[in-house]
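Visitor: What follows is a single structure, and I will ask about it in a moment.
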Amino acid sequence: MAIIECVNIGKIFQRNQALNNFSAFIEENKITGLIGRNGAGKTTLLKIIAGYLKPTSGEVKVFGHNPFNNLQVSANLIFIDEHMTFPESWHLEEIFDSIGLFYPNWNKELALRLLAYFSISPKQTHNSLSKGMRSTFHAIIGLAARSPLTIFDEPTTGMDAAVRKDFYRALLKDYVEHPRTILLSSHLLNEIENILEDILLIKNGTKCLHLPVTELKNYALGLRGKADALNQFLNGKEEFYRENFAPEQSFVVVKNDFSEAELRELKKAGISTAAVPTEDVCVYLTAQSKGGISDVFNRD
Amino acid sequence: MFLTETNVLAVTCKQYLVKLKAVSFSGLVILQAVILVFWTGGMGMYGASNVLISLSVRNYSSDIVIIATMIWALALAIMQTKKQAKNMDFTLVSNRLTSCLSDIGILATISFLGALTSVFSGMLQRLLMYFALEHSTIINSSFKPPLAELALDVVAVALYIFLIAAGGYLFGMLLEISRLFAFLIPALILGLARGQNNYFTDFLGFYITETSLLLFAGKVLLTSALCFALSILIYNRMEVRR
Amino acid sequence: MSILLPFSIIIILAILAFWGYRVKSKGKKPLLPRTAQRSLFPIYCLLLFLASVVVYALPDESFVHPPAGNIKEISAEIYQLAGRIWPVNTPNQAIYENLSESYPLTAKELKLVVAGDYQDMIWIERQEANQGQIQVKSYVTSYLVEDYDITSQIKPPVLTWEDNTLLIKSPPKYTLKFVSFKNNFLTSQFKNPAGSKIGRTYFGKEAIHLVVPSETEVLTDYRNIVYLN
């Protein structure tokens, strides 16, 4: 059952088109990763889902209702980002108590234990936290609130690698115990791909790909060999990325829909094949130009 | 298909509690205390003299403290509409209606507490004067006003502060639509106040010439309800946490 | 302008207090410790409450100072007398005696010298019983400030007796300052206008009552003298 339905939504800020004809359906009790480059429209999409922003066109439904200004939707979701605002003079523990007022599934004990684990004192005030600690604190809120729909918008900004790892493990553990719908946006896929079930790739405000992570792993194939030889096999194939390094040598990433026979022929033609890491697939898929950054330097 | 059900009243009450705990009255206390301690000149004086004696009477009242409290409440009402304050609501469960309703509750509370403290600051002033001056220089006639009069003062001042806060809240909301209002509204008020017509004095007179507290309360509550309704209408269409 | 200035100061003060707080709260270190900040308002409220209780408990007598020691109400006789002589004497106005002296008179003549700014009436009364001495009394009708009787603070004239000469001098110029608490102007619209009316403020009158032996001749240049008999 789709808990979030986006149909052809568009969002225009002044002159900037942040979302364009975006459609997606996100199912209940799944962890979905929202992946995209900077400015692809991730945050805008999440804020529309949370009901903070109003789409310029199209229709959004969360729990079957338009989320904009909807109290019931708001009561069933929590939106975690680095801009969460709390009274400046409050202790973290007081903030926890106020969250408990609003979220019936709130587990303060868990939150305090996590806080202790990350060595943050509950007697600190919110604005005395460093950037990484603040992100950690917000992430703890997202975990312990156990809201039916939990949205993390770039939750790991500023966290160090160890904390990030711990956070994702904690998220997965808690998710297994208390399944809920989790939307996680990030531009770093490799860190989160182990906990994700689905991946939603967004590019220039439109949906690029929406797949289970397992399928994404075999989605693309990297071919390396002589350019001439390569081109024979690429007829009609969707080419995600091409890099010409040594003379006559190319590396091409294409959609992996080769048959067994074709793969054998590739080998015969002296072309080596390699699986492409999901991280790279996403980078290639969301790239603005086929050649990547090296194109900028290859003027001729 | 919601997993958690809630209603406007419940969320409004919770938001009110959270906001009430977050509102700082320290600024108000410091403001009133500073005026009490340093505003020793009173509200004015008059005198008379003959060949031998020159006699002067200095008048004291809580008006200055009340006016300062009104400005404090106005600033606070405007601040309630600012992005930061609103983000605080939308960090947790909220919609535009509950956010505004809890603000109204907060403004009503600060109106009452502001009125209470500013009116009773007069008592502290009397006490300070009593011990600071020779008793003989204090004219006893109004030193101990009847308690009923103090109660009336508190109610009337609370209504005035609430009216001002409601106006400030609407002004803040308009500011959120466009910064132009920051310039337009004061210009409009000044224009009406300085112009040939009497709209502004008529408008003020609508409140300040009302002698019945009950009717005054009706006028104030009606006007503030209008301000708040407009604010909610504006806010309902507004995006948050941009 | 004079009314605008204090108001603009107040407005600036209020805004500063508010913004000061905002700016402070954005920084890492608050102006006041957290607990102090939380308890400031309740403490202030408690202080106001206690102040009110104390104000209402203050004794009313403490406002009259000095407590009626040096003035006393005069006899009905004099009151009637004064009523006859002082032309615009309101019927219920109190008359006090704030000075009473007697001096031995050794001559047939009494020289009366008035100096300084003294301009008030001098009543001279001859009495048989009063041989060999003169009696000087200073009377004053009540001075009111907003209906509050301040007569006790009025200084009597200064008398000097030397060589059968009575010198009457006004006291040096002096200032009386009072503090009056008023109803709040902002809420005066709801109050009975009669109730909040400011009381009467006026100056009283003064006179010297001089009792001399019946045979004595009074020598003086002073014009404002009434011989009672």
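Quick note on naming: the chains in the structure tokens go A, B, ... in the order shown, residues restart at 1 in each chain, and ligands are numbered from 1 in order of appearance.
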For Asp120 in chain C, list every protein, DNA or RNA residue within 10 Å, evaluated using only C-alpha atoms, and leave out those in the same chain fewer than 3 positions away; present the list as a VMD selection string.

Guide: chain C and resid 117 123 157 170 205 to 208 223 to 225

Visitor: Assign secondary structure with DSSP using the backbone only, and return the residues of range 135-184 of chain A in strand (DSSP E) as a list of chain:residue names.

Guide: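 Residues meeting the strand (DSSP E) criterion: A:Leu149, A:Thr150, A:Ile151, A:Phe152, A:Asp153, A:Thr181, A:Ile182, A:Leu183, A:Leu184.
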
Visitor: Filtering to C-alpha atoms, could you give me those residues as a tab-separated table (two decimals), in the first residue's frame?

Guide:
chain	number	residue	atom	x	y	z
A	149	LEU	CA	6.30	8.32	8.87
A	150	THR	CA	9.80	9.47	9.69
A	151	ILE	CA	11.56	11.79	7.28
A	152	PHE	CA	15.29	12.41	7.59
A	153	ASP	CA	16.58	15.18	5.39
A	181	THR	CA	7.93	4.23	6.87
A	182	ILE	CA	11.25	5.97	6.74
A	183	LEU	CA	12.37	8.42	4.09
A	184	LEU	CA	16.02	9.21	4.13

Visitor: Write out as a ChimeraX atom specification every residue belonging to chain B that has an atom at most 7 Å from any atom of chain C, counting only C-alpha atoms.

Guide: /B:25-27,29,31,52-63,68,71-72,117,120-121,123-124,127,135-144,153,156,208-213

Visitor: Could you save those same residues with N, CA and C atoms as a short mmCIF file (atom, residue, chain, number, x, y, z; two decimals), in the first residue's frame?

Guide:
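And here is the file that came out, again04.cif:
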data_model
loop_
_atom_site.label_atom_id
_atom_site.label_comp_id
_atom_site.auth_asym_id
_atom_site.auth_seq_id
_atom_site.Cartn_x
_atom_site.Cartn_y
_atom_site.Cartn_z
N PHE B 25 9.97 35.96 30.54
CA PHE B 25 9.46 37.19 31.14
C PHE B 25 10.60 38.01 31.74
N SER B 26 11.83 37.51 31.63
CA SER B 26 12.94 38.24 32.24
C SER B 26 13.05 39.64 31.67
N GLY B 27 12.87 39.74 30.35
CA GLY B 27 12.95 41.05 29.72
C GLY B 27 11.95 42.02 30.31
N VAL B 29 10.54 41.85 33.32
CA VAL B 29 10.90 42.17 34.70
C VAL B 29 11.99 43.23 34.72
N LEU B 31 12.77 45.34 32.36
CA LEU B 31 12.21 46.59 31.83
C LEU B 31 11.47 47.35 32.93
N LEU B 52 6.81 83.58 50.35
CA LEU B 52 7.64 82.79 51.24
C LEU B 52 7.85 81.35 50.79
N ILE B 53 6.74 80.77 50.40
CA ILE B 53 6.75 79.31 50.20
C ILE B 53 6.65 79.00 48.73
N SER B 54 7.49 78.10 48.25
CA SER B 54 7.19 77.55 46.95
C SER B 54 6.88 76.09 47.15
N LEU B 55 5.78 75.68 46.52
CA LEU B 55 5.24 74.37 46.81
C LEU B 55 5.18 73.60 45.51
N SER B 56 5.67 72.38 45.51
CA SER B 56 5.58 71.60 44.28
C SER B 56 5.06 70.21 44.58
N VAL B 57 4.30 69.70 43.63
CA VAL B 57 3.75 68.35 43.79
C VAL B 57 4.15 67.55 42.57
N ARG B 58 4.79 66.43 42.81
CA ARG B 58 5.20 65.56 41.72
C ARG B 58 4.21 64.39 41.65
N ASN B 59 3.75 64.13 40.46
CA ASN B 59 2.74 63.07 40.31
C ASN B 59 3.36 61.76 39.87
N TYR B 60 2.89 60.71 40.44
CA TYR B 60 3.37 59.38 40.06
C TYR B 60 2.18 58.49 39.69
N SER B 61 2.40 57.68 38.66
CA SER B 61 1.40 56.65 38.35
C SER B 61 2.13 55.54 37.61
N SER B 62 1.43 54.48 37.31
CA SER B 62 2.07 53.35 36.63
C SER B 62 2.00 53.47 35.12
N ASP B 63 1.56 54.63 34.62
CA ASP B 63 1.32 54.74 33.18
C ASP B 63 2.55 54.40 32.34
N ALA B 68 5.31 50.87 28.61
CA ALA B 68 6.48 50.05 28.27
C ALA B 68 6.07 48.58 28.11
N ILE B 71 4.47 48.03 24.79
CA ILE B 71 5.44 47.94 23.69
C ILE B 71 6.12 46.58 23.72
N TRP B 72 6.42 46.12 24.92
CA TRP B 72 7.04 44.80 25.06
C TRP B 72 6.12 43.73 24.47
N THR B 117 1.46 42.77 36.44
CA THR B 117 2.74 43.27 36.97
C THR B 117 2.84 44.78 36.79
N PHE B 120 0.55 46.49 39.41
CA PHE B 120 1.04 46.33 40.78
C PHE B 120 2.46 46.85 40.97
N SER B 121 3.14 47.17 39.85
CA SER B 121 4.44 47.80 40.02
C SER B 121 4.26 49.14 40.73
N MET B 123 2.53 49.61 43.28
CA MET B 123 2.61 49.34 44.72
C MET B 123 4.07 49.30 45.18
N LEU B 124 4.89 48.66 44.36
CA LEU B 124 6.33 48.60 44.69
C LEU B 124 6.91 50.01 44.67
N LEU B 127 6.03 51.77 47.80
CA LEU B 127 6.82 51.29 48.93
C LEU B 127 8.23 51.88 48.88
N HIS B 135 8.15 60.52 55.03
CA HIS B 135 6.74 60.15 54.85
C HIS B 135 5.85 61.38 54.67
N SER B 136 6.28 62.46 55.32
CA SER B 136 5.42 63.64 55.32
C SER B 136 5.26 64.21 53.93
N THR B 137 6.15 63.87 53.01
CA THR B 137 6.02 64.46 51.69
C THR B 137 5.10 63.64 50.79
N ILE B 138 4.64 62.51 51.28
CA ILE B 138 3.73 61.70 50.47
C ILE B 138 2.30 62.06 50.83
N ILE B 139 1.56 62.40 49.80
CA ILE B 139 0.17 62.75 50.05
C ILE B 139 -0.64 61.48 50.16
N ASN B 140 -1.28 61.35 51.28
CA ASN B 140 -1.89 60.07 51.62
C ASN B 140 -3.11 59.74 50.78
N SER B 141 -3.74 60.75 50.19
CA SER B 141 -5.08 60.54 49.64
C SER B 141 -5.14 59.38 48.65
N SER B 142 -4.11 59.22 47.79
CA SER B 142 -4.21 58.15 46.80
C SER B 142 -3.12 57.11 46.99
N PHE B 143 -2.55 57.09 48.19
CA PHE B 143 -1.46 56.15 48.42
C PHE B 143 -1.97 54.72 48.46
N LYS B 144 -3.17 54.57 48.99
CA LYS B 144 -3.75 53.23 49.06
C LYS B 144 -5.05 53.21 48.27
N ASP B 153 -8.16 48.26 36.99
CA ASP B 153 -6.97 48.63 36.22
C ASP B 153 -6.38 47.41 35.53
N ALA B 156 -8.64 46.32 32.61
CA ALA B 156 -8.63 47.27 31.50
C ALA B 156 -7.27 47.27 30.79
N ILE B 208 -10.91 54.66 23.39
CA ILE B 208 -10.51 55.39 24.60
C ILE B 208 -11.61 56.25 25.17
N THR B 209 -12.73 56.40 24.46
CA THR B 209 -13.81 57.17 25.07
C THR B 209 -14.88 56.26 25.66
N GLU B 210 -14.68 54.97 25.52
CA GLU B 210 -15.66 54.02 26.06
C GLU B 210 -15.56 54.01 27.58
N THR B 211 -16.68 54.30 28.24
CA THR B 211 -16.61 54.38 29.70
C THR B 211 -17.08 53.10 30.37
N SER B 212 -17.75 52.24 29.62
CA SER B 212 -18.21 51.00 30.23
C SER B 212 -17.18 49.91 29.96
N LEU B 213 -16.70 49.30 31.02
CA LEU B 213 -15.67 48.28 30.88
C LEU B 213 -16.19 47.10 30.06
#

Visitor: Dump as number ranges by chain the residues of chain A that approach chain B to within 10 Å, counting only C-alpha atoms.

Guide: A: 3, 43-44, 47-48, 50-54, 62-65, 67-81, 83-90, 94-95, 97-99, 101-105, 147-149

Visitor: Which residues are close to Met133 in chain A, i.e. within 12 Å by only C-alpha atoms, leaving aside same-chain residues fewer than 5 positions away? Reply as a short mmCIF file (atom, residue, chain, number, x, y, z; two decimals) with N, CA and C atoms, in the first residue's frame.

Guide:
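New file result-v8.cif:
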data_model
loop_
_atom_site.label_atom_id
_atom_site.label_comp_id
_atom_site.auth_asym_id
_atom_site.auth_seq_id
_atom_site.Cartn_x
_atom_site.Cartn_y
_atom_site.Cartn_z
N GLU A 82 18.50 19.67 9.84
CA GLU A 82 19.38 20.43 10.74
C GLU A 82 18.73 21.73 11.19
N LEU A 92 18.28 19.73 26.76
CA LEU A 92 17.89 18.70 25.81
C LEU A 92 16.81 17.81 26.40
N LEU A 115 21.55 9.36 23.78
CA LEU A 115 22.25 10.60 24.09
C LEU A 115 23.51 10.29 24.91
N PHE A 118 26.22 8.72 22.77
CA PHE A 118 26.96 9.68 21.94
C PHE A 118 27.61 10.76 22.81
N SER A 119 27.68 10.54 24.08
CA SER A 119 28.29 11.46 25.07
C SER A 119 27.80 12.89 24.92
N ILE A 120 26.49 13.05 24.84
CA ILE A 120 25.93 14.40 24.88
C ILE A 120 25.18 14.50 26.20
N SER A 121 25.47 15.54 26.96
CA SER A 121 24.82 15.68 28.26
C SER A 121 23.39 16.19 28.08
N PRO A 122 22.42 15.56 28.73
CA PRO A 122 21.04 16.05 28.61
C PRO A 122 20.82 17.40 29.27
N GLN A 124 22.67 19.99 28.58
CA GLN A 124 23.13 21.04 27.67
C GLN A 124 21.94 21.73 27.04
N THR A 125 22.16 22.96 26.55
CA THR A 125 21.09 23.61 25.81
C THR A 125 21.28 23.33 24.32
N HIS A 126 20.16 23.50 23.60
CA HIS A 126 20.17 23.14 22.20
C HIS A 126 21.17 23.97 21.41
N ASN A 127 21.26 25.26 21.71
CA ASN A 127 22.14 26.08 20.88
C ASN A 127 23.59 26.07 21.35
N SER A 128 23.88 25.28 22.38
CA SER A 128 25.29 25.14 22.74
C SER A 128 25.90 23.92 22.07
N HIS A 138 19.22 15.60 16.68
CA HIS A 138 18.00 15.55 15.86
C HIS A 138 17.73 14.12 15.39
N ALA A 139 18.82 13.43 15.03
CA ALA A 139 18.64 12.05 14.56
C ALA A 139 18.07 11.18 15.67
N ILE A 140 18.54 11.43 16.90
CA ILE A 140 18.01 10.67 18.05
C ILE A 140 16.51 10.92 18.19
N PRO A 155 20.35 13.69 7.37
CA PRO A 155 20.48 13.67 8.83
C PRO A 155 21.91 13.69 9.32
N THR A 156 22.85 13.31 8.47
CA THR A 156 24.21 13.11 8.97
C THR A 156 25.14 14.29 8.74
N THR A 157 24.57 15.43 8.33
CA THR A 157 25.41 16.61 8.08
C THR A 157 26.25 16.91 9.32
N GLY A 158 27.53 16.97 9.15
CA GLY A 158 28.40 17.36 10.25
C GLY A 158 28.80 16.24 11.19
N MET A 159 28.14 15.09 11.08
CA MET A 159 28.52 13.97 11.95
C MET A 159 29.84 13.37 11.47
N ASP A 160 30.62 12.86 12.42
CA ASP A 160 31.84 12.18 11.96
C ASP A 160 31.49 10.75 11.54
N VAL A 163 30.06 8.22 14.17
CA VAL A 163 28.69 8.53 14.60
C VAL A 163 27.71 8.17 13.50
N ARG A 164 28.08 8.48 12.26
CA ARG A 164 27.20 8.15 11.14
C ARG A 164 26.90 6.67 11.09
#

Visitor: Taking the DSSP secondary structure from the backbone, can you list the residues of range 92-221 of chain A that are helix (DSSP H, G or I), as a ChimeraX atom specification?

Guide: /A:92-102,108-117,126-128,131-145,161-177,189-192,213-217

Visitor: Would you save the residues of that selection, restricted to C-alpha atoms, as a PDB file, in the first residue's frame?

Guide:
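So result_6.pdb came out as:
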ATOM      1  CA  LEU A  92      17.892  18.701  25.808  1.00  0.00           C
ATOM      2  CA  GLU A  93      15.905  16.702  28.309  1.00  0.00           C
ATOM      3  CA  GLU A  94      13.194  19.339  28.396  1.00  0.00           C
ATOM      4  CA  ILE A  95      13.053  19.196  24.624  1.00  0.00           C
ATOM      5  CA  PHE A  96      12.604  15.438  24.905  1.00  0.00           C
ATOM      6  CA  ASP A  97       9.694  15.960  27.273  1.00  0.00           C
ATOM      7  CA  SER A  98       8.015  18.387  24.913  1.00  0.00           C
ATOM      8  CA  ILE A  99       8.355  15.905  22.060  1.00  0.00           C
ATOM      9  CA  GLY A 100       6.748  13.268  24.256  1.00  0.00           C
ATOM     10  CA  LEU A 101       3.696  15.503  24.478  1.00  0.00           C
ATOM     11  CA  PHE A 102       3.160  15.320  20.743  1.00  0.00           C
ATOM     12  CA  LYS A 108      12.328   8.895  26.167  1.00  0.00           C
ATOM     13  CA  GLU A 109      14.365   6.169  27.760  1.00  0.00           C
ATOM     14  CA  LEU A 110      15.786   5.154  24.405  1.00  0.00           C
ATOM     15  CA  ALA A 111      16.493   8.777  23.558  1.00  0.00           C
ATOM     16  CA  LEU A 112      18.368   9.308  26.808  1.00  0.00           C
ATOM     17  CA  ARG A 113      20.343   6.126  26.343  1.00  0.00           C
ATOM     18  CA  LEU A 114      21.311   7.164  22.829  1.00  0.00           C
ATOM     19  CA  LEU A 115      22.249  10.601  24.093  1.00  0.00           C
ATOM     20  CA  ALA A 116      24.484   9.034  26.722  1.00  0.00           C
ATOM     21  CA  TYR A 117      26.012   6.728  24.126  1.00  0.00           C
ATOM     22  CA  HIS A 126      20.171  23.141  22.196  1.00  0.00           C
ATOM     23  CA  ASN A 127      22.140  26.084  20.882  1.00  0.00           C
ATOM     24  CA  SER A 128      25.290  25.139  22.744  1.00  0.00           C
ATOM     25  CA  LYS A 131      26.908  21.186  14.373  1.00  0.00           C
ATOM     26  CA  GLY A 132      27.614  17.473  14.419  1.00  0.00           C
ATOM     27  CA  MET A 133      26.169  17.040  17.884  1.00  0.00           C
ATOM     28  CA  ARG A 134      23.059  18.894  16.849  1.00  0.00           C
ATOM     29  CA  SER A 135      22.607  16.574  13.885  1.00  0.00           C
ATOM     30  CA  THR A 136      23.096  13.618  16.201  1.00  0.00           C
ATOM     31  CA  PHE A 137      20.570  15.042  18.634  1.00  0.00           C
ATOM     32  CA  HIS A 138      18.005  15.552  15.862  1.00  0.00           C
ATOM     33  CA  ALA A 139      18.641  12.053  14.558  1.00  0.00           C
ATOM     34  CA  ILE A 140      18.012  10.671  18.046  1.00  0.00           C
ATOM     35  CA  ILE A 141      14.692  12.503  18.084  1.00  0.00           C
ATOM     36  CA  GLY A 142      13.801  10.954  14.743  1.00  0.00           C
ATOM     37  CA  LEU A 143      14.658   7.507  16.062  1.00  0.00           C
ATOM     38  CA  ALA A 144      12.940   7.718  19.412  1.00  0.00           C
ATOM     39  CA  ALA A 145       9.783   9.450  18.185  1.00  0.00           C
ATOM     40  CA  ALA A 161      32.170   8.788  10.297  1.00  0.00           C
ATOM     41  CA  ALA A 162      31.845   6.750  13.500  1.00  0.00           C
ATOM     42  CA  VAL A 163      28.694   8.527  14.596  1.00  0.00           C
ATOM     43  CA  ARG A 164      27.199   8.154  11.137  1.00  0.00           C
ATOM     44  CA  LYS A 165      27.812   4.441  11.154  1.00  0.00           C
ATOM     45  CA  ASP A 166      26.331   4.104  14.614  1.00  0.00           C
ATOM     46  CA  PHE A 167      23.321   6.144  13.657  1.00  0.00           C
ATOM     47  CA  TYR A 168      22.532   4.011  10.638  1.00  0.00           C
ATOM     48  CA  ARG A 169      22.926   0.857  12.666  1.00  0.00           C
ATOM     49  CA  ALA A 170      20.669   2.210  15.352  1.00  0.00           C
ATOM     50  CA  LEU A 171      18.124   3.238  12.752  1.00  0.00           C
ATOM     51  CA  LEU A 172      18.099  -0.215  11.229  1.00  0.00           C
ATOM     52  CA  LYS A 173      17.829  -1.922  14.614  1.00  0.00           C
ATOM     53  CA  ASP A 174      14.941   0.240  15.728  1.00  0.00           C
ATOM     54  CA  TYR A 175      13.260  -0.108  12.369  1.00  0.00           C
ATOM     55  CA  VAL A 176      13.363  -3.879  12.637  1.00  0.00           C
ATOM     56  CA  GLU A 177      11.750  -3.727  16.067  1.00  0.00           C
ATOM     57  CA  LEU A 189      24.617   6.462  -1.172  1.00  0.00           C
ATOM     58  CA  ASN A 190      27.393   4.069  -0.185  1.00  0.00           C
ATOM     59  CA  GLU A 191      26.853   4.762   3.497  1.00  0.00           C
ATOM     60  CA  ILE A 192      23.182   4.031   3.492  1.00  0.00           C
ATOM     61  CA  VAL A 213      18.468  -1.580  -3.864  1.00  0.00           C
ATOM     62  CA  THR A 214      19.077  -5.208  -4.868  1.00  0.00           C
ATOM     63  CA  GLU A 215      18.025  -4.433  -8.419  1.00  0.00           C
ATOM     64  CA  LEU A 216      20.128  -1.329  -8.553  1.00  0.00           C
ATOM     65  CA  LYS A 217      23.207  -3.401  -7.820  1.00  0.00           C
TER      66      LYS A 217
END

Visitor: Leaving out range 235-239 of chain A and any residue of its chain fewer than 2 positions from it, which residues lie within 7 Å of it when counting only C-alpha atoms, given as a list in words?

Guide: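 With the cut-off at 7 Å, the set is Gln232, Phe233, Tyr241, Val253, Val254 and Lys255 of chain A.
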
Visitor: Find the residues around range 199-207 of chain B up to 10 Å (only C-alpha atoms counted), leave out those fewer than 4 positions away in its own chain, and share them as a VMD selection string.

Guide: (chain B and resid 160 189 to 195 211 215 to 217 219 to 220) or (chain C and resid 189)

Visitor: Could you write out the selected residues, including C-alpha atoms, as a PDB file, in the first residue's frame?

Guide:
ATOM      1  CA  TYR B 160      -5.511  47.184  26.028  1.00  0.00           C
ATOM      2  CA  ILE B 189      -1.134  55.299  10.338  1.00  0.00           C
ATOM      3  CA  LEU B 190       0.948  58.466  10.214  1.00  0.00           C
ATOM      4  CA  GLY B 191      -0.946  59.661   7.163  1.00  0.00           C
ATOM      5  CA  LEU B 192      -4.279  59.133   8.856  1.00  0.00           C
ATOM      6  CA  ALA B 193      -3.052  60.703  12.064  1.00  0.00           C
ATOM      7  CA  ARG B 194      -1.679  63.812  10.392  1.00  0.00           C
ATOM      8  CA  GLY B 195      -4.281  64.154   7.670  1.00  0.00           C
ATOM      9  CA  THR B 211     -16.611  54.376  29.695  1.00  0.00           C
ATOM     10  CA  LEU B 215     -18.624  47.396  26.273  1.00  0.00           C
ATOM     11  CA  PHE B 216     -14.909  48.107  26.026  1.00  0.00           C
ATOM     12  CA  ALA B 217     -14.170  44.426  26.535  1.00  0.00           C
ATOM     13  CA  LYS B 219     -15.020  46.082  21.391  1.00  0.00           C
ATOM     14  CA  VAL B 220     -11.527  44.834  22.180  1.00  0.00           C
TER      15      VAL B 220
ATOM     16  CA  GLN C 189     -11.947  56.369  31.099  1.00  0.00           C
TER      17      GLN C 189
END

Visitor: Pick the closest to chain C from A:Val276, A:Ala24, A:Val296, A:Leu129: which is it, counting only C-alpha atoms?

Guide: A:Leu129

Visitor: Pick the closest to Phe240 in chain A from A:Leu196, A:Leu209, A:Ala287, A:Leu201: which is it, counting only C-alpha atoms?

Guide: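 With only C-alpha atoms as the atom set, the closest residue is A:Ala287.
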
Visitor: One number please: CA of Glu154 in chain A to CA of Ser294 in chain A, in Å, one decimal.

Guide: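 About the pair CA of Glu154 in chain A and CA of Ser294 in chain A: they are 27.9 Å apart.
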
Visitor: Pick from A:His210, A:Arg146, A:His91, A:Lys268: nearest to chain C, with only C-alpha atoms counted?

Guide: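 Nearest candidate to chain C out of A:His210, A:Arg146, A:His91, A:Lys268: A:His91.
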
Visitor: Using only C-alpha atoms, find the one residue out of A:Leu34, A:Gly39, A:Ser186, A:Lys207 that sits nearest to Asn20 in chain A.

Guide: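 So, comparing all the options, the nearest one is A:Lys207.
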
Visitor: Any idea what the distance is between CA of Tyr16 in chain B and CA of Ser102 in chain B?

Guide: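 These two atoms are separated by 4.8 Å.
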
Visitor: Which polymer residues have any atom within 6 Å of an atom of range 135-137 of chain C, counting only C-alpha atoms, with same-chain residues fewer than 5 positions away left out, as a VMD selection string?

Guide: chain C and resid 99 to 102 208 to 211

Visitor: May I have the selected residues written with all heavy atoms, as a CSV table (one decimal), in the first residue's frame?

Guide:
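What follows is the written file part-v1.csv:
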chain,number,residue,atom,x,y,z
C,99,LEU,N,2.3,79.1,66.9
C,99,LEU,CA,3.4,79.8,67.7
C,99,LEU,C,2.7,80.5,68.9
C,99,LEU,O,1.7,81.1,68.7
C,99,LEU,CB,4.2,80.8,66.9
C,99,LEU,CG,5.3,81.5,67.6
C,99,LEU,CD1,6.5,80.5,67.7
C,99,LEU,CD2,5.7,82.7,66.8
C,100,SER,N,3.3,80.3,70.1
C,100,SER,CA,2.7,81.1,71.2
C,100,SER,C,3.9,81.4,72.1
C,100,SER,O,4.7,80.6,72.6
C,100,SER,CB,1.7,80.2,71.9
C,100,SER,OG,1.3,80.8,73.1
C,101,GLU,N,4.1,82.8,72.3
C,101,GLU,CA,5.2,83.2,73.2
C,101,GLU,C,4.6,84.3,74.1
C,101,GLU,O,3.6,85.0,73.8
C,101,GLU,CB,6.3,83.9,72.3
C,101,GLU,CG,7.0,82.9,71.4
C,101,GLU,CD,8.0,82.1,72.0
C,101,GLU,OE1,8.2,82.3,73.2
C,101,GLU,OE2,8.6,81.2,71.4
C,102,SER,N,5.3,84.5,75.2
C,102,SER,CA,5.0,85.7,76.1
C,102,SER,C,6.3,86.3,76.5
C,102,SER,O,7.3,85.6,76.8
C,102,SER,CB,4.1,85.3,77.2
C,102,SER,OG,4.7,84.3,78.0
C,208,ILE,N,-1.0,87.3,63.2
C,208,ILE,CA,-0.4,87.3,64.5
C,208,ILE,C,-1.4,88.0,65.5
C,208,ILE,O,-2.0,89.0,65.2
C,208,ILE,CB,1.0,88.0,64.5
C,208,ILE,CG1,2.0,87.1,63.9
C,208,ILE,CG2,1.4,88.4,66.0
C,208,ILE,CD1,3.4,87.8,63.8
C,209,HIS,N,-1.6,87.3,66.6
C,209,HIS,CA,-2.5,87.8,67.6
C,209,HIS,C,-1.6,88.3,68.8
C,209,HIS,O,-0.9,87.5,69.4
C,209,HIS,CB,-3.4,86.6,68.1
C,209,HIS,CG,-4.5,87.1,69.0
C,209,HIS,ND1,-5.3,86.2,69.7
C,209,HIS,CD2,-5.0,88.4,69.3
C,209,HIS,CE1,-6.1,86.9,70.5
C,209,HIS,NE2,-6.0,88.2,70.2
C,210,LEU,N,-1.7,89.6,69.0
C,210,LEU,CA,-0.8,90.2,70.0
C,210,LEU,C,-1.7,90.7,71.2
C,210,LEU,O,-2.6,91.5,71.0
C,210,LEU,CB,-0.1,91.3,69.4
C,210,LEU,CG,1.0,92.1,70.2
C,210,LEU,CD1,2.1,91.2,70.6
C,210,LEU,CD2,1.5,93.2,69.3
C,211,VAL,N,-1.5,90.1,72.3
C,211,VAL,CA,-2.3,90.6,73.5
C,211,VAL,C,-1.3,91.4,74.4
C,211,VAL,O,-0.3,91.0,74.8
C,211,VAL,CB,-2.8,89.4,74.3
C,211,VAL,CG1,-3.6,89.8,75.5
C,211,VAL,CG2,-3.6,88.5,73.4
